[in-house]
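Peer 1: PDB, C-alpha atoms and all ligand atoms, file structure_24.pdb:
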```pdb
MODEL        1
ATOM      1  CA  MET J1126       0.000   0.000   0.000  1.00  0.00           C
ATOM      2  CA  ARG J1127       1.425   3.360  -1.024  1.00  0.00           C
ATOM      3  CA  ARG J1128       1.226   6.073   1.578  1.00  0.00           C
ATOM      4  CA  LYS J1129      -1.388   8.686   0.790  1.00  0.00           C
ATOM      5  CA  LEU J1130      -0.013  12.064   1.798  1.00  0.00           C
ATOM      6  CA  ALA J1131      -1.528  15.516   2.030  1.00  0.00           C
ATOM      7  CA  ALA J1132       1.475  17.788   2.512  1.00  0.00           C
ATOM      8  CA  GLY J1133       1.452  21.524   3.159  1.00  0.00           C
ATOM      9  CA  ASN J1134       4.462  23.692   2.359  1.00  0.00           C
ATOM     10  CA  TRP J1135       4.129  27.010   4.185  1.00  0.00           C
ATOM     11  CA  LYS J1136       7.209  28.404   2.408  1.00  0.00           C
ATOM     12  CA  MET J1137       8.352  31.698   3.963  1.00  0.00           C
ATOM     13  CA  ASN J1138       5.055  32.279   5.736  1.00  0.00           C
ATOM     14  CA  GLY J1139       4.195  31.982   9.388  1.00  0.00           C
ATOM     15  CA  THR J1140       4.956  33.376  12.811  1.00  0.00           C
ATOM     16  CA  PRO J1141       3.854  31.784  16.097  1.00  0.00           C
ATOM     17  CA  ALA J1142       0.402  33.324  15.637  1.00  0.00           C
ATOM     18  CA  GLU J1143      -0.185  31.081  12.612  1.00  0.00           C
ATOM     19  CA  LEU J1144       0.247  27.943  14.745  1.00  0.00           C
ATOM     20  CA  ALA J1145      -3.424  28.465  15.543  1.00  0.00           C
ATOM     21  CA  GLU J1146      -4.091  27.182  12.025  1.00  0.00           C
ATOM     22  CA  LEU J1147      -2.243  23.982  12.900  1.00  0.00           C
ATOM     23  CA  THR J1148      -4.290  23.603  16.065  1.00  0.00           C
ATOM     24  CA  ALA J1149      -7.476  24.093  14.061  1.00  0.00           C
ATOM     25  CA  LEU J1150      -6.296  21.476  11.547  1.00  0.00           C
ATOM     26  CA  THR J1151      -5.669  18.878  14.257  1.00  0.00           C
ATOM     27  CA  GLN J1152      -9.094  19.561  15.704  1.00  0.00           C
ATOM     28  CA  THR J1153     -10.836  19.067  12.361  1.00  0.00           C
ATOM     29  CA  HIS J1154      -8.702  16.039  11.440  1.00  0.00           C
ATOM     30  CA  ASP J1155      -8.101  14.370  14.782  1.00  0.00           C
ATOM     31  CA  THR J1156      -7.743  10.893  13.286  1.00  0.00           C
ATOM     32  CA  PRO J1157      -7.083  11.358   9.563  1.00  0.00           C
ATOM     33  CA  THR J1158      -7.074   8.175   7.500  1.00  0.00           C
ATOM     34  CA  VAL J1159      -4.296   9.583   5.305  1.00  0.00           C
ATOM     35  CA  ASN J1160      -0.883  10.984   6.233  1.00  0.00           C
ATOM     36  CA  VAL J1161      -0.923  14.724   6.854  1.00  0.00           C
ATOM     37  CA  LEU J1162       2.284  16.782   6.818  1.00  0.00           C
ATOM     38  CA  ILE J1163       2.921  20.472   7.434  1.00  0.00           C
ATOM     39  CA  CYS J1164       6.285  22.011   6.571  1.00  0.00           C
ATOM     40  CA  PRO J1165       6.422  25.372   8.345  1.00  0.00           C
ATOM     41  CA  PRO J1166       9.409  27.709   8.293  1.00  0.00           C
ATOM     42  CA  SER J1167      12.314  26.371  10.372  1.00  0.00           C
ATOM     43  CA  THR J1168      11.670  28.899  13.126  1.00  0.00           C
ATOM     44  CA  LEU J1169       8.345  27.191  13.866  1.00  0.00           C
ATOM     45  CA  ILE J1170       9.299  23.520  13.595  1.00  0.00           C
ATOM     46  CA  ALA J1171       9.800  22.858  17.312  1.00  0.00           C
ATOM     47  CA  GLN J1172       6.628  24.682  18.308  1.00  0.00           C
ATOM     48  CA  ALA J1173       4.704  23.056  15.457  1.00  0.00           C
ATOM     49  CA  ALA J1174       5.920  19.613  16.558  1.00  0.00           C
ATOM     50  CA  ASN J1175       4.654  20.360  20.061  1.00  0.00           C
ATOM     51  CA  THR J1176       1.347  21.573  18.682  1.00  0.00           C
ATOM     52  CA  VAL J1177       0.721  18.306  16.825  1.00  0.00           C
ATOM     53  CA  ALA J1178       2.353  16.031  19.406  1.00  0.00           C
ATOM     54  CA  ASP J1179      -0.825  14.118  20.281  1.00  0.00           C
ATOM     55  CA  HIS J1180      -2.188  14.104  16.764  1.00  0.00           C
ATOM     56  CA  LYS J1181      -1.535  12.295  13.520  1.00  0.00           C
ATOM     57  CA  VAL J1182       0.024  15.264  11.764  1.00  0.00           C
ATOM     58  CA  ALA J1183       3.712  15.182  10.858  1.00  0.00           C
ATOM     59  CA  ILE J1184       6.035  18.172  10.710  1.00  0.00           C
ATOM     60  CA  GLY J1185       8.745  18.667   8.114  1.00  0.00           C
ATOM     61  CA  GLY J1186      11.464  21.069   7.066  1.00  0.00           C
ATOM     62  CA  GLN J1187      11.539  22.822   3.695  1.00  0.00           C
ATOM     63  CA  ASP J1188      15.244  22.256   3.006  1.00  0.00           C
ATOM     64  CA  CYS J1189      18.354  20.933   4.721  1.00  0.00           C
ATOM     65  CA  HIS J1190      22.105  21.111   4.252  1.00  0.00           C
ATOM     66  CA  ALA J1191      23.942  18.058   2.967  1.00  0.00           C
ATOM     67  CA  ASN J1192      26.345  18.101   5.937  1.00  0.00           C
ATOM     68  CA  THR J1193      25.471  17.274   9.512  1.00  0.00           C
ATOM     69  CA  LYS J1194      27.148  20.356  11.015  1.00  0.00           C
ATOM     70  CA  GLY J1195      29.846  22.917  10.389  1.00  0.00           C
ATOM     71  CA  ALA J1196      30.611  26.394   9.106  1.00  0.00           C
ATOM     72  CA  HIS J1197      27.538  26.983   6.926  1.00  0.00           C
ATOM     73  CA  THR J1198      25.996  30.219   8.124  1.00  0.00           C
ATOM     74  CA  GLY J1199      22.233  30.278   7.832  1.00  0.00           C
ATOM     75  CA  ASP J1200      21.882  26.616   6.922  1.00  0.00           C
ATOM     76  CA  ILE J1201      20.167  23.872   8.885  1.00  0.00           C
ATOM     77  CA  SER J1202      21.112  20.206   8.939  1.00  0.00           C
ATOM     78  CA  ALA J1203      18.751  17.275   8.686  1.00  0.00           C
ATOM     79  CA  ASP J1204      19.868  16.215  12.170  1.00  0.00           C
ATOM     80  CA  MET J1205      18.782  19.594  13.519  1.00  0.00           C
ATOM     81  CA  LEU J1206      15.384  19.271  11.864  1.00  0.00           C
ATOM     82  CA  ALA J1207      14.957  15.803  13.340  1.00  0.00           C
ATOM     83  CA  ALA J1208      16.002  17.019  16.793  1.00  0.00           C
ATOM     84  CA  ALA J1209      13.417  19.817  16.539  1.00  0.00           C
ATOM     85  CA  GLY J1210      10.676  17.266  15.884  1.00  0.00           C
ATOM     86  CA  ALA J1211      10.552  17.022  12.090  1.00  0.00           C
ATOM     87  CA  THR J1212      10.089  13.640  10.446  1.00  0.00           C
ATOM     88  CA  TYR J1213      10.120  14.830   6.818  1.00  0.00           C
ATOM     89  CA  VAL J1214      12.066  17.357   4.772  1.00  0.00           C
ATOM     90  CA  ILE J1215      11.351  18.761   1.320  1.00  0.00           C
ATOM     91  CA  THR J1216      14.386  18.660  -0.983  1.00  0.00           C
ATOM     92  CA  GLY J1217      14.800  20.191  -4.429  1.00  0.00           C
ATOM     93  CA  HIS J1218      11.772  22.440  -4.391  1.00  0.00           C
ATOM     94  CA  SER J1219      11.767  24.532  -7.577  1.00  0.00           C
ATOM     95  CA  GLU J1220      12.099  27.690  -5.493  1.00  0.00           C
ATOM     96  CA  ARG J1221      15.339  26.293  -4.022  1.00  0.00           C
ATOM     97  CA  ARG J1222      16.508  25.231  -7.485  1.00  0.00           C
ATOM     98  CA  THR J1223      15.764  28.749  -8.829  1.00  0.00           C
ATOM     99  CA  ASP J1224      16.519  31.042  -5.860  1.00  0.00           C
ATOM    100  CA  HIS J1225      19.603  29.157  -4.688  1.00  0.00           C
ATOM    101  CA  GLY J1226      20.793  27.471  -7.864  1.00  0.00           C
ATOM    102  CA  GLU J1227      20.510  24.006  -6.366  1.00  0.00           C
ATOM    103  CA  THR J1228      21.642  21.238  -8.688  1.00  0.00           C
ATOM    104  CA  ASP J1229      20.375  17.684  -8.930  1.00  0.00           C
ATOM    105  CA  ALA J1230      23.611  16.465  -7.324  1.00  0.00           C
ATOM    106  CA  GLN J1231      23.162  18.810  -4.354  1.00  0.00           C
ATOM    107  CA  ILE J1232      19.558  17.703  -3.985  1.00  0.00           C
ATOM    108  CA  ALA J1233      20.631  14.055  -3.977  1.00  0.00           C
ATOM    109  CA  ALA J1234      23.206  14.858  -1.280  1.00  0.00           C
ATOM    110  CA  LYS J1235      20.587  16.673   0.806  1.00  0.00           C
ATOM    111  CA  SER J1236      18.190  13.759   0.387  1.00  0.00           C
ATOM    112  CA  GLN J1237      20.906  11.349   1.537  1.00  0.00           C
ATOM    113  CA  ALA J1238      21.473  13.592   4.576  1.00  0.00           C
ATOM    114  CA  ALA J1239      17.747  13.346   5.251  1.00  0.00           C
ATOM    115  CA  TYR J1240      17.890   9.529   5.181  1.00  0.00           C
ATOM    116  CA  ASP J1241      20.913   9.532   7.476  1.00  0.00           C
ATOM    117  CA  ALA J1242      18.899  11.626   9.960  1.00  0.00           C
ATOM    118  CA  LYS J1243      15.937   9.194   9.627  1.00  0.00           C
ATOM    119  CA  LEU J1244      13.827  11.794   7.852  1.00  0.00           C
ATOM    120  CA  THR J1245      11.642  11.058   4.850  1.00  0.00           C
ATOM    121  CA  ALA J1246      12.710  13.204   1.897  1.00  0.00           C
ATOM    122  CA  VAL J1247      10.021  14.746  -0.299  1.00  0.00           C
ATOM    123  CA  ILE J1248      12.072  15.161  -3.476  1.00  0.00           C
ATOM    124  CA  CYS J1249      10.593  17.698  -5.912  1.00  0.00           C
ATOM    125  CA  ILE J1250      10.859  17.699  -9.679  1.00  0.00           C
ATOM    126  CA  GLY J1251       9.083  19.714 -12.353  1.00  0.00           C
ATOM    127  CA  GLU J1252       9.406  21.401 -15.724  1.00  0.00           C
ATOM    128  CA  THR J1253       9.246  25.098 -16.545  1.00  0.00           C
ATOM    129  CA  LEU J1254       6.664  26.561 -18.907  1.00  0.00           C
ATOM    130  CA  GLY J1255       9.278  26.837 -21.641  1.00  0.00           C
ATOM    131  CA  GLU J1256      10.169  23.168 -21.270  1.00  0.00           C
ATOM    132  CA  ARG J1257       6.496  22.200 -21.333  1.00  0.00           C
ATOM    133  CA  GLU J1258       5.969  24.227 -24.507  1.00  0.00           C
ATOM    134  CA  ASP J1259       9.110  22.810 -26.112  1.00  0.00           C
ATOM    135  CA  GLY J1260       7.839  19.288 -25.514  1.00  0.00           C
ATOM    136  CA  THR J1261      10.819  18.376 -23.334  1.00  0.00           C
ATOM    137  CA  THR J1262       8.886  17.801 -20.095  1.00  0.00           C
ATOM    138  CA  LEU J1263       9.565  14.072 -19.790  1.00  0.00           C
ATOM    139  CA  THR J1264      13.242  14.454 -20.692  1.00  0.00           C
ATOM    140  CA  VAL J1265      13.687  17.186 -18.090  1.00  0.00           C
ATOM    141  CA  LEU J1266      11.946  15.053 -15.479  1.00  0.00           C
ATOM    142  CA  ASP J1267      14.121  12.062 -16.389  1.00  0.00           C
ATOM    143  CA  THR J1268      17.254  14.114 -15.742  1.00  0.00           C
ATOM    144  CA  GLN J1269      15.906  15.346 -12.408  1.00  0.00           C
ATOM    145  CA  LEU J1270      14.750  11.873 -11.362  1.00  0.00           C
ATOM    146  CA  ALA J1271      18.096  10.315 -12.254  1.00  0.00           C
ATOM    147  CA  GLY J1272      20.154  13.044 -10.601  1.00  0.00           C
ATOM    148  CA  SER J1273      18.130  14.071  -7.540  1.00  0.00           C
ATOM    149  CA  ILE J1274      17.191  10.680  -6.098  1.00  0.00           C
ATOM    150  CA  PRO J1275      19.973   8.813  -4.278  1.00  0.00           C
ATOM    151  CA  ASP J1276      20.512   5.134  -5.040  1.00  0.00           C
ATOM    152  CA  THR J1277      19.651   4.479  -1.383  1.00  0.00           C
ATOM    153  CA  ALA J1278      16.089   5.746  -1.841  1.00  0.00           C
ATOM    154  CA  THR J1279      13.260   3.440  -0.848  1.00  0.00           C
ATOM    155  CA  ALA J1280       9.497   3.828  -0.694  1.00  0.00           C
ATOM    156  CA  ALA J1281       9.919   4.182   3.078  1.00  0.00           C
ATOM    157  CA  ASN J1282      12.399   7.071   3.046  1.00  0.00           C
ATOM    158  CA  THR J1283      11.302   8.933  -0.082  1.00  0.00           C
ATOM    159  CA  VAL J1284       8.243  10.627  -1.530  1.00  0.00           C
ATOM    160  CA  ILE J1285       8.392  12.192  -4.996  1.00  0.00           C
ATOM    161  CA  ALA J1286       6.524  15.436  -5.694  1.00  0.00           C
ATOM    162  CA  TYR J1287       5.823  16.423  -9.289  1.00  0.00           C
ATOM    163  CA  GLU J1288       5.397  20.188  -9.324  1.00  0.00           C
ATOM    164  CA  PRO J1289       5.284  21.857 -12.731  1.00  0.00           C
ATOM    165  CA  VAL J1290       7.027  25.191 -12.108  1.00  0.00           C
ATOM    166  CA  TRP J1291       4.422  27.046 -14.178  1.00  0.00           C
ATOM    167  CA  ALA J1292       1.598  25.707 -11.989  1.00  0.00           C
ATOM    168  CA  ILE J1293       3.087  26.862  -8.680  1.00  0.00           C
ATOM    169  CA  GLY J1294       1.206  29.802  -7.222  1.00  0.00           C
ATOM    170  CA  THR J1295      -0.310  30.686 -10.595  1.00  0.00           C
ATOM    171  CA  GLY J1296      -3.752  29.120 -10.411  1.00  0.00           C
ATOM    172  CA  LYS J1297      -2.823  27.215 -13.598  1.00  0.00           C
ATOM    173  CA  VAL J1298      -3.091  23.448 -13.385  1.00  0.00           C
ATOM    174  CA  PRO J1299      -2.116  20.892 -16.029  1.00  0.00           C
ATOM    175  CA  THR J1300      -4.980  18.940 -17.546  1.00  0.00           C
ATOM    176  CA  LEU J1301      -5.785  15.672 -15.815  1.00  0.00           C
ATOM    177  CA  ASP J1302      -4.394  13.879 -18.888  1.00  0.00           C
ATOM    178  CA  GLN J1303      -1.117  15.770 -18.558  1.00  0.00           C
ATOM    179  CA  ILE J1304      -0.882  14.877 -14.872  1.00  0.00           C
ATOM    180  CA  ALA J1305      -1.695  11.244 -15.693  1.00  0.00           C
ATOM    181  CA  GLU J1306       0.972  11.107 -18.398  1.00  0.00           C
ATOM    182  CA  VAL J1307       3.683  12.475 -16.120  1.00  0.00           C
ATOM    183  CA  HIS J1308       2.768  10.355 -13.099  1.00  0.00           C
ATOM    184  CA  ALA J1309       2.684   7.191 -15.212  1.00  0.00           C
ATOM    185  CA  HIS J1310       6.090   8.134 -16.597  1.00  0.00           C
ATOM    186  CA  ILE J1311       7.524   8.728 -13.127  1.00  0.00           C
ATOM    187  CA  ARG J1312       6.147   5.369 -12.006  1.00  0.00           C
ATOM    188  CA  THR J1313       7.825   3.652 -14.937  1.00  0.00           C
ATOM    189  CA  ARG J1314      11.158   5.237 -14.082  1.00  0.00           C
ATOM    190  CA  LEU J1315      10.845   4.376 -10.375  1.00  0.00           C
ATOM    191  CA  THR J1316       9.960   0.748 -11.009  1.00  0.00           C
ATOM    192  CA  ALA J1317      12.820   0.421 -13.508  1.00  0.00           C
ATOM    193  CA  ARG J1318      15.358   1.703 -10.973  1.00  0.00           C
ATOM    194  CA  PHE J1319      14.139   0.597  -7.548  1.00  0.00           C
ATOM    195  CA  SER J1320      12.948  -2.853  -6.514  1.00  0.00           C
ATOM    196  CA  ASP J1321      10.112  -1.222  -4.523  1.00  0.00           C
ATOM    197  CA  GLY J1322       9.523   1.495  -7.127  1.00  0.00           C
ATOM    198  CA  ASP J1323       5.828   0.644  -7.370  1.00  0.00           C
ATOM    199  CA  GLN J1324       5.476   1.545  -3.672  1.00  0.00           C
ATOM    200  CA  PHE J1325       6.886   5.087  -3.798  1.00  0.00           C
ATOM    201  CA  SER J1326       4.252   7.759  -3.205  1.00  0.00           C
ATOM    202  CA  VAL J1327       4.163  10.355  -5.954  1.00  0.00           C
ATOM    203  CA  LEU J1328       2.451  13.640  -5.126  1.00  0.00           C
ATOM    204  CA  TYR J1329       1.161  16.288  -7.480  1.00  0.00           C
ATOM    205  CA  GLY J1330       1.811  19.941  -6.550  1.00  0.00           C
ATOM    206  CA  GLY J1331       0.902  23.271  -8.118  1.00  0.00           C
ATOM    207  CA  SER J1332      -2.269  25.271  -7.455  1.00  0.00           C
ATOM    208  CA  VAL J1333      -4.036  22.399  -5.673  1.00  0.00           C
ATOM    209  CA  LYS J1334      -7.212  23.634  -3.964  1.00  0.00           C
ATOM    210  CA  GLY J1335     -10.252  22.142  -2.334  1.00  0.00           C
ATOM    211  CA  SER J1336     -12.131  22.666  -5.593  1.00  0.00           C
ATOM    212  CA  ASN J1337      -9.751  20.627  -7.810  1.00  0.00           C
ATOM    213  CA  ALA J1338      -8.270  18.142  -5.322  1.00  0.00           C
ATOM    214  CA  ALA J1339     -10.788  15.315  -5.821  1.00  0.00           C
ATOM    215  CA  ASP J1340     -10.306  15.322  -9.605  1.00  0.00           C
ATOM    216  CA  ILE J1341      -6.512  15.306  -9.250  1.00  0.00           C
ATOM    217  CA  PHE J1342      -6.578  12.509  -6.648  1.00  0.00           C
ATOM    218  CA  ALA J1343      -8.671  10.390  -9.021  1.00  0.00           C
ATOM    219  CA  VAL J1344      -5.793  10.363 -11.524  1.00  0.00           C
ATOM    220  CA  PRO J1345      -3.945   7.011 -11.480  1.00  0.00           C
ATOM    221  CA  ASP J1346      -0.572   7.119  -9.717  1.00  0.00           C
ATOM    222  CA  VAL J1347      -1.375  10.349  -7.859  1.00  0.00           C
ATOM    223  CA  ASP J1348      -0.917   9.491  -4.181  1.00  0.00           C
ATOM    224  CA  GLY J1349      -1.529  12.922  -2.689  1.00  0.00           C
ATOM    225  CA  ALA J1350      -0.549  16.546  -3.011  1.00  0.00           C
ATOM    226  CA  LEU J1351       2.120  19.043  -2.040  1.00  0.00           C
ATOM    227  CA  VAL J1352       0.201  22.231  -1.388  1.00  0.00           C
ATOM    228  CA  GLY J1353       1.495  25.774  -0.973  1.00  0.00           C
ATOM    229  CA  GLY J1354      -0.981  28.624  -0.673  1.00  0.00           C
ATOM    230  CA  ALA J1355      -3.979  26.457   0.196  1.00  0.00           C
ATOM    231  CA  SER J1356      -2.129  24.889   3.140  1.00  0.00           C
ATOM    232  CA  LEU J1357      -1.761  28.115   5.101  1.00  0.00           C
ATOM    233  CA  LYS J1358      -5.320  28.177   6.441  1.00  0.00           C
ATOM    234  CA  ALA J1359      -6.891  25.131   8.057  1.00  0.00           C
ATOM    235  CA  ALA J1360     -10.177  25.968   6.341  1.00  0.00           C
ATOM    236  CA  ASP J1361      -8.486  25.737   2.923  1.00  0.00           C
ATOM    237  CA  PHE J1362      -6.309  22.686   3.625  1.00  0.00           C
ATOM    238  CA  SER J1363      -9.008  20.665   5.338  1.00  0.00           C
ATOM    239  CA  PRO J1364     -11.087  19.972   2.184  1.00  0.00           C
ATOM    240  CA  ILE J1365      -7.920  18.755   0.443  1.00  0.00           C
ATOM    241  CA  ILE J1366      -7.274  16.251   3.254  1.00  0.00           C
ATOM    242  CA  THR J1367     -10.900  15.145   3.078  1.00  0.00           C
ATOM    243  CA  ALA J1368     -10.688  14.734  -0.714  1.00  0.00           C
ATOM    244  CA  LEU J1369      -7.651  12.480  -0.280  1.00  0.00           C
ATOM    245  CA  GLU J1370      -9.411  10.463   2.404  1.00  0.00           C
ATOM    246  CA  ASN J1371     -12.283   9.918   0.008  1.00  0.00           C
ATOM    247  CA  ALA J1372     -10.106   9.167  -3.034  1.00  0.00           C
TER     248      ALA J1372
HETATM  249  P1  LIG S1401       0.863  26.401  -4.598  1.00  0.00           P
HETATM  250  O1  LIG S1401      -0.039  25.342  -4.031  1.00  0.00           O
HETATM  251  O2  LIG S1401       0.754  27.711  -3.877  1.00  0.00           O
HETATM  252  O3  LIG S1401       0.719  26.522  -6.083  1.00  0.00           O
HETATM  253  O4  LIG S1401       2.374  25.929  -4.322  1.00  0.00           O
HETATM  254  C1  LIG S1401       2.754  24.646  -4.678  1.00  0.00           C
HETATM  255  C2  LIG S1401       4.073  24.378  -4.090  1.00  0.00           C
HETATM  256  O5  LIG S1401       5.080  24.920  -4.525  1.00  0.00           O
HETATM  257  C3  LIG S1401       4.146  23.469  -2.934  1.00  0.00           C
HETATM  258  O6  LIG S1401       5.451  23.105  -2.657  1.00  0.00           O
ENDMDL
END
```
Represent the supplied structure as structure tokens.
Peer 2:
Amino acid sequence: MRRKLAAGNWKMNGTPAELAELTALTQTHDTPTVNVLICPPSTLIAQAANTVADHKVAIGGQDCHANTKGAHTGDISADMLAAAGATYVITGHSERRTDHGETDAQIAAKSQAAYDAKLTAVICIGETLGEREDGTTLTVLDTQLAGSIPDTATAANTVIAYEPVWAIGTGKVPTLDQIAEVHAHIRTRLTARFSDGDQFSVLYGGSVKGSNAADIFAVPDVDGALVGGASLKAADFSPIITALENA
């Protein structure tokens, strides 16, 4: 059974006041039948972990350094995230690839650091609009899949998130056929490379909302969502969790 996962990425949003949204989420979804994950900014991870301590909501980081410690001002290691109460970490988000020039090799090293710290890595891949229009989407994804996922990945320590860059924060969503094509392709690549490749969860991300979640979750090989904007408010994220429970 693949894990179904509704994951929220708060990005650079949230101060302690916003933890009230997490409390509200745990009250609405006290015993969710799917995995629920919130990745708040690092400054809130420890408090967020306390907030969800008695509930079935996991907390994750949004990035980690490839090293365990050292002279890397401003960076955070996977060990530190784990010690603060995180059990997941997002690696290779397109905003990290773009804003910080992260390469596939760096993302693989960060993901390996996540495994070493006993965190599950949510490894992100996705094409730009130009690549989509050029017809190179699957080639681009192949390069990212080959380069960003360590050989040590398993269905237990890794979740893949397909996030078309042009769908992030834009309100634009690929057609269900486009999502189906990409997810089937990712599945093929995972099963070719990993003995448990058919068990990896593959999330879709990019402008997921309560209003489109059920349709997206009905697409074969979509095991959940990585949600940005609609994860910030419990009232917006809750219908997405419910849609996944009902999928
Ligand atoms: P939006 O849901 O705001 O489009 O963001 C998607 C995303 O980047 C999640 O990591």
Peer 1: All residues within 6 Å of ligand LIG 1401 (chain S) are required, counting all atoms listed in the file; please report them as a PyMOL selection string.
Peer 2: chain J and resi 1134+1293-1294+1330-1333+1351-1355
Peer 1: Atoms to include: C-alpha atoms. Write the selected residues as a PDB file, in the coordinates of the input.
Peer 2:
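The resulting selection.pdb:
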```pdb
ATOM      1  CA  ASN J1134       4.462  23.692   2.359  1.00  0.00           C
ATOM      2  CA  ILE J1293       3.087  26.862  -8.680  1.00  0.00           C
ATOM      3  CA  GLY J1294       1.206  29.802  -7.222  1.00  0.00           C
ATOM      4  CA  GLY J1330       1.811  19.941  -6.550  1.00  0.00           C
ATOM      5  CA  GLY J1331       0.902  23.271  -8.118  1.00  0.00           C
ATOM      6  CA  SER J1332      -2.269  25.271  -7.455  1.00  0.00           C
ATOM      7  CA  VAL J1333      -4.036  22.399  -5.673  1.00  0.00           C
ATOM      8  CA  LEU J1351       2.120  19.043  -2.040  1.00  0.00           C
ATOM      9  CA  VAL J1352       0.201  22.231  -1.388  1.00  0.00           C
ATOM     10  CA  GLY J1353       1.495  25.774  -0.973  1.00  0.00           C
ATOM     11  CA  GLY J1354      -0.981  28.624  -0.673  1.00  0.00           C
ATOM     12  CA  ALA J1355      -3.979  26.457   0.196  1.00  0.00           C
TER      13      ALA J1355
END
```
Peer 1: Please enclose the listed atoms of stretch 1193-1196 of chain J in an axis-aligned box, pad each side by 3 Å, and write out the centre and the three edge lengths in Å, rounded to one decimal, as JSON.
Peer 2:
```
{"center_x": 28.0, "center_y": 21.8, "center_z": 10.1, "size_x": 11.1, "size_y": 15.1, "size_z": 7.9}
```
Peer 1: Could you tell me which residues the PyMOL selection byres (((chain J and resi 1191-1199) around 6) and not hetatm) returns for this structure, as a PyMOL selection string?
Peer 2: chain J and resi 1190+1200+1202+1234-1235+1238
Peer 1: Under the rule that all atoms listed in the file are counted, which of J:Ile1285, J:Ala1280, J:Ile1304, J:Leu1144 is the nearest residue to J:Ala1174?
Peer 2: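 Using all atoms listed in the file, J:Ala1174 sits closest to J:Leu1144.
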Peer 1: Using all atoms listed in the file, find the one residue out of J:Lys1136, J:Leu1270, J:Phe1325, J:Thr1261 that sits nearest to J:Glu1220.
Peer 2: J:Lys1136
Peer 1: Might you spell out which residues the PyMOL selection byres (((chain J and resi 1154) around 9) and not hetatm) would select in the displayed file, as an mmCIF file with C-alpha atoms, in the frame of the given file?
Peer 2:
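The resulting file, selection28.cif, is reproduced below:
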```
data_model
loop_
_atom_site.group_PDB
_atom_site.id
_atom_site.type_symbol
_atom_site.label_atom_id
_atom_site.label_comp_id
_atom_site.auth_asym_id
_atom_site.auth_seq_id
_atom_site.Cartn_x
_atom_site.Cartn_y
_atom_site.Cartn_z
ATOM 1 C CA ALA J 1149 -7.476 24.093 14.061
ATOM 2 C CA LEU J 1150 -6.296 21.476 11.547
ATOM 3 C CA THR J 1151 -5.669 18.878 14.257
ATOM 4 C CA GLN J 1152 -9.094 19.561 15.704
ATOM 5 C CA THR J 1153 -10.836 19.067 12.361
ATOM 6 C CA ASP J 1155 -8.101 14.370 14.782
ATOM 7 C CA THR J 1156 -7.743 10.893 13.286
ATOM 8 C CA PRO J 1157 -7.083 11.358 9.563
ATOM 9 C CA THR J 1158 -7.074 8.175 7.500
ATOM 10 C CA HIS J 1180 -2.188 14.104 16.764
ATOM 11 C CA LYS J 1181 -1.535 12.295 13.520
ATOM 12 C CA VAL J 1182 0.024 15.264 11.764
ATOM 13 C CA SER J 1363 -9.008 20.665 5.338
ATOM 14 C CA ILE J 1366 -7.274 16.251 3.254
ATOM 15 C CA THR J 1367 -10.900 15.145 3.078
#
```
Peer 1: Smallest atom-to-atom distance to J:Ala1343: which of J:Thr1295, J:Asn1371, J:Thr1176, J:Thr1264, using only C-alpha atoms?
Peer 2: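 For J:Ala1343, the nearest of the given residues is J:Asn1371.
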Peer 1: Between J:Ala1360, J:Leu1130, J:Ile1311, J:Ile1274, which is the closest to J:Lys1334 once you count only C-alpha atoms?
Peer 2: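 Answer, going by the shortest atom-to-atom distance: J:Ala1360.
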Peer 1: Taking into account all atoms listed in the file, which residue in the set J:Val1290, J:Ala1230, J:Leu1162, J:Leu1147 is nearest to J:Thr1268?
Peer 2: J:Ala1230
Peer 1: Mind checking which residues fall within 12 Å of J:Arg1221, counting only C-alpha atoms, ignoring those fewer than 4 positions away in the same chain, and posting them as a list in words?
Peer 2: Lys1136, Met1137, Gln1187, Asp1188, Cys1189, His1190, Ile1215, Thr1216, Gly1217, His1225, Gly1226, Glu1227, Thr1228, Asp1229, Gln1231, Ile1232, Lys1235, Ile1248, Cys1249, Ile1250 and Val1290 of chain J
Peer 1: Could you jot down the atom CA of J:Asp1204 to atom CA of J:Ala1132 separation for me, Å, one decimal place?
Peer 2: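 Atom-to-atom, atom CA of J:Asp1204 and atom CA of J:Ala1132 are spaced 20.8 Å apart.
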Peer 1: Do a neighbour search on J:Ile1184 at 6 Å with only C-alpha atoms, toss out local chain neighbours closer than 2 positions, and write the hits as a list of chain:residue names.
Peer 2: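 So, after excluding close chain neighbours, the residues are J:Leu1162, J:Ile1163, J:Cys1164, J:Ala1211.
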Peer 1: Can I get the selection written as an mmCIF file, keeping the file's coordinate frame, with C-alpha atoms?
Peer 2:
```
data_model
loop_
_atom_site.group_PDB
_atom_site.id
_atom_site.type_symbol
_atom_site.label_atom_id
_atom_site.label_comp_id
_atom_site.auth_asym_id
_atom_site.auth_seq_id
_atom_site.Cartn_x
_atom_site.Cartn_y
_atom_site.Cartn_z
ATOM 1 C CA LEU J 1162 2.284 16.782 6.818
ATOM 2 C CA ILE J 1163 2.921 20.472 7.434
ATOM 3 C CA CYS J 1164 6.285 22.011 6.571
ATOM 4 C CA ALA J 1211 10.552 17.022 12.090
#
```
Peer 1: Of the residues J:Phe1362, J:Phe1342, J:Tyr1329, J:Tyr1213, which is the one nearest to J:Val1298, using only C-alpha atoms?
Peer 2: J:Tyr1329
Peer 1: Do you have the atom CA of J:Val1265-atom CA of J:Gly1185 distance handy?
Peer 2: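 Pair atom CA of J:Val1265 / atom CA of J:Gly1185 returns 26.7 Å.
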Peer 1: Any idea what the distance is between atom CA of J:Asp1259 and atom CA of J:Leu1301?
Peer 2: 19.5 Å
Peer 1: Do you know which residues the PyMOL selection byres (((chain J and resi 1169) around 10) and not hetatm) returns on this file, as a VMD selection string?
Peer 2: chain J and resid 1139 to 1141 1143 to 1144 1164 to 1168 1170 to 1175 1184 1186 1209
Peer 1: Which residues are near J:Thr1245? Cut-off 8 Å, all atoms listed in the file, ignore same chain within fewer than 3 positions. Put them as a count of residues only.
Peer 2: 9
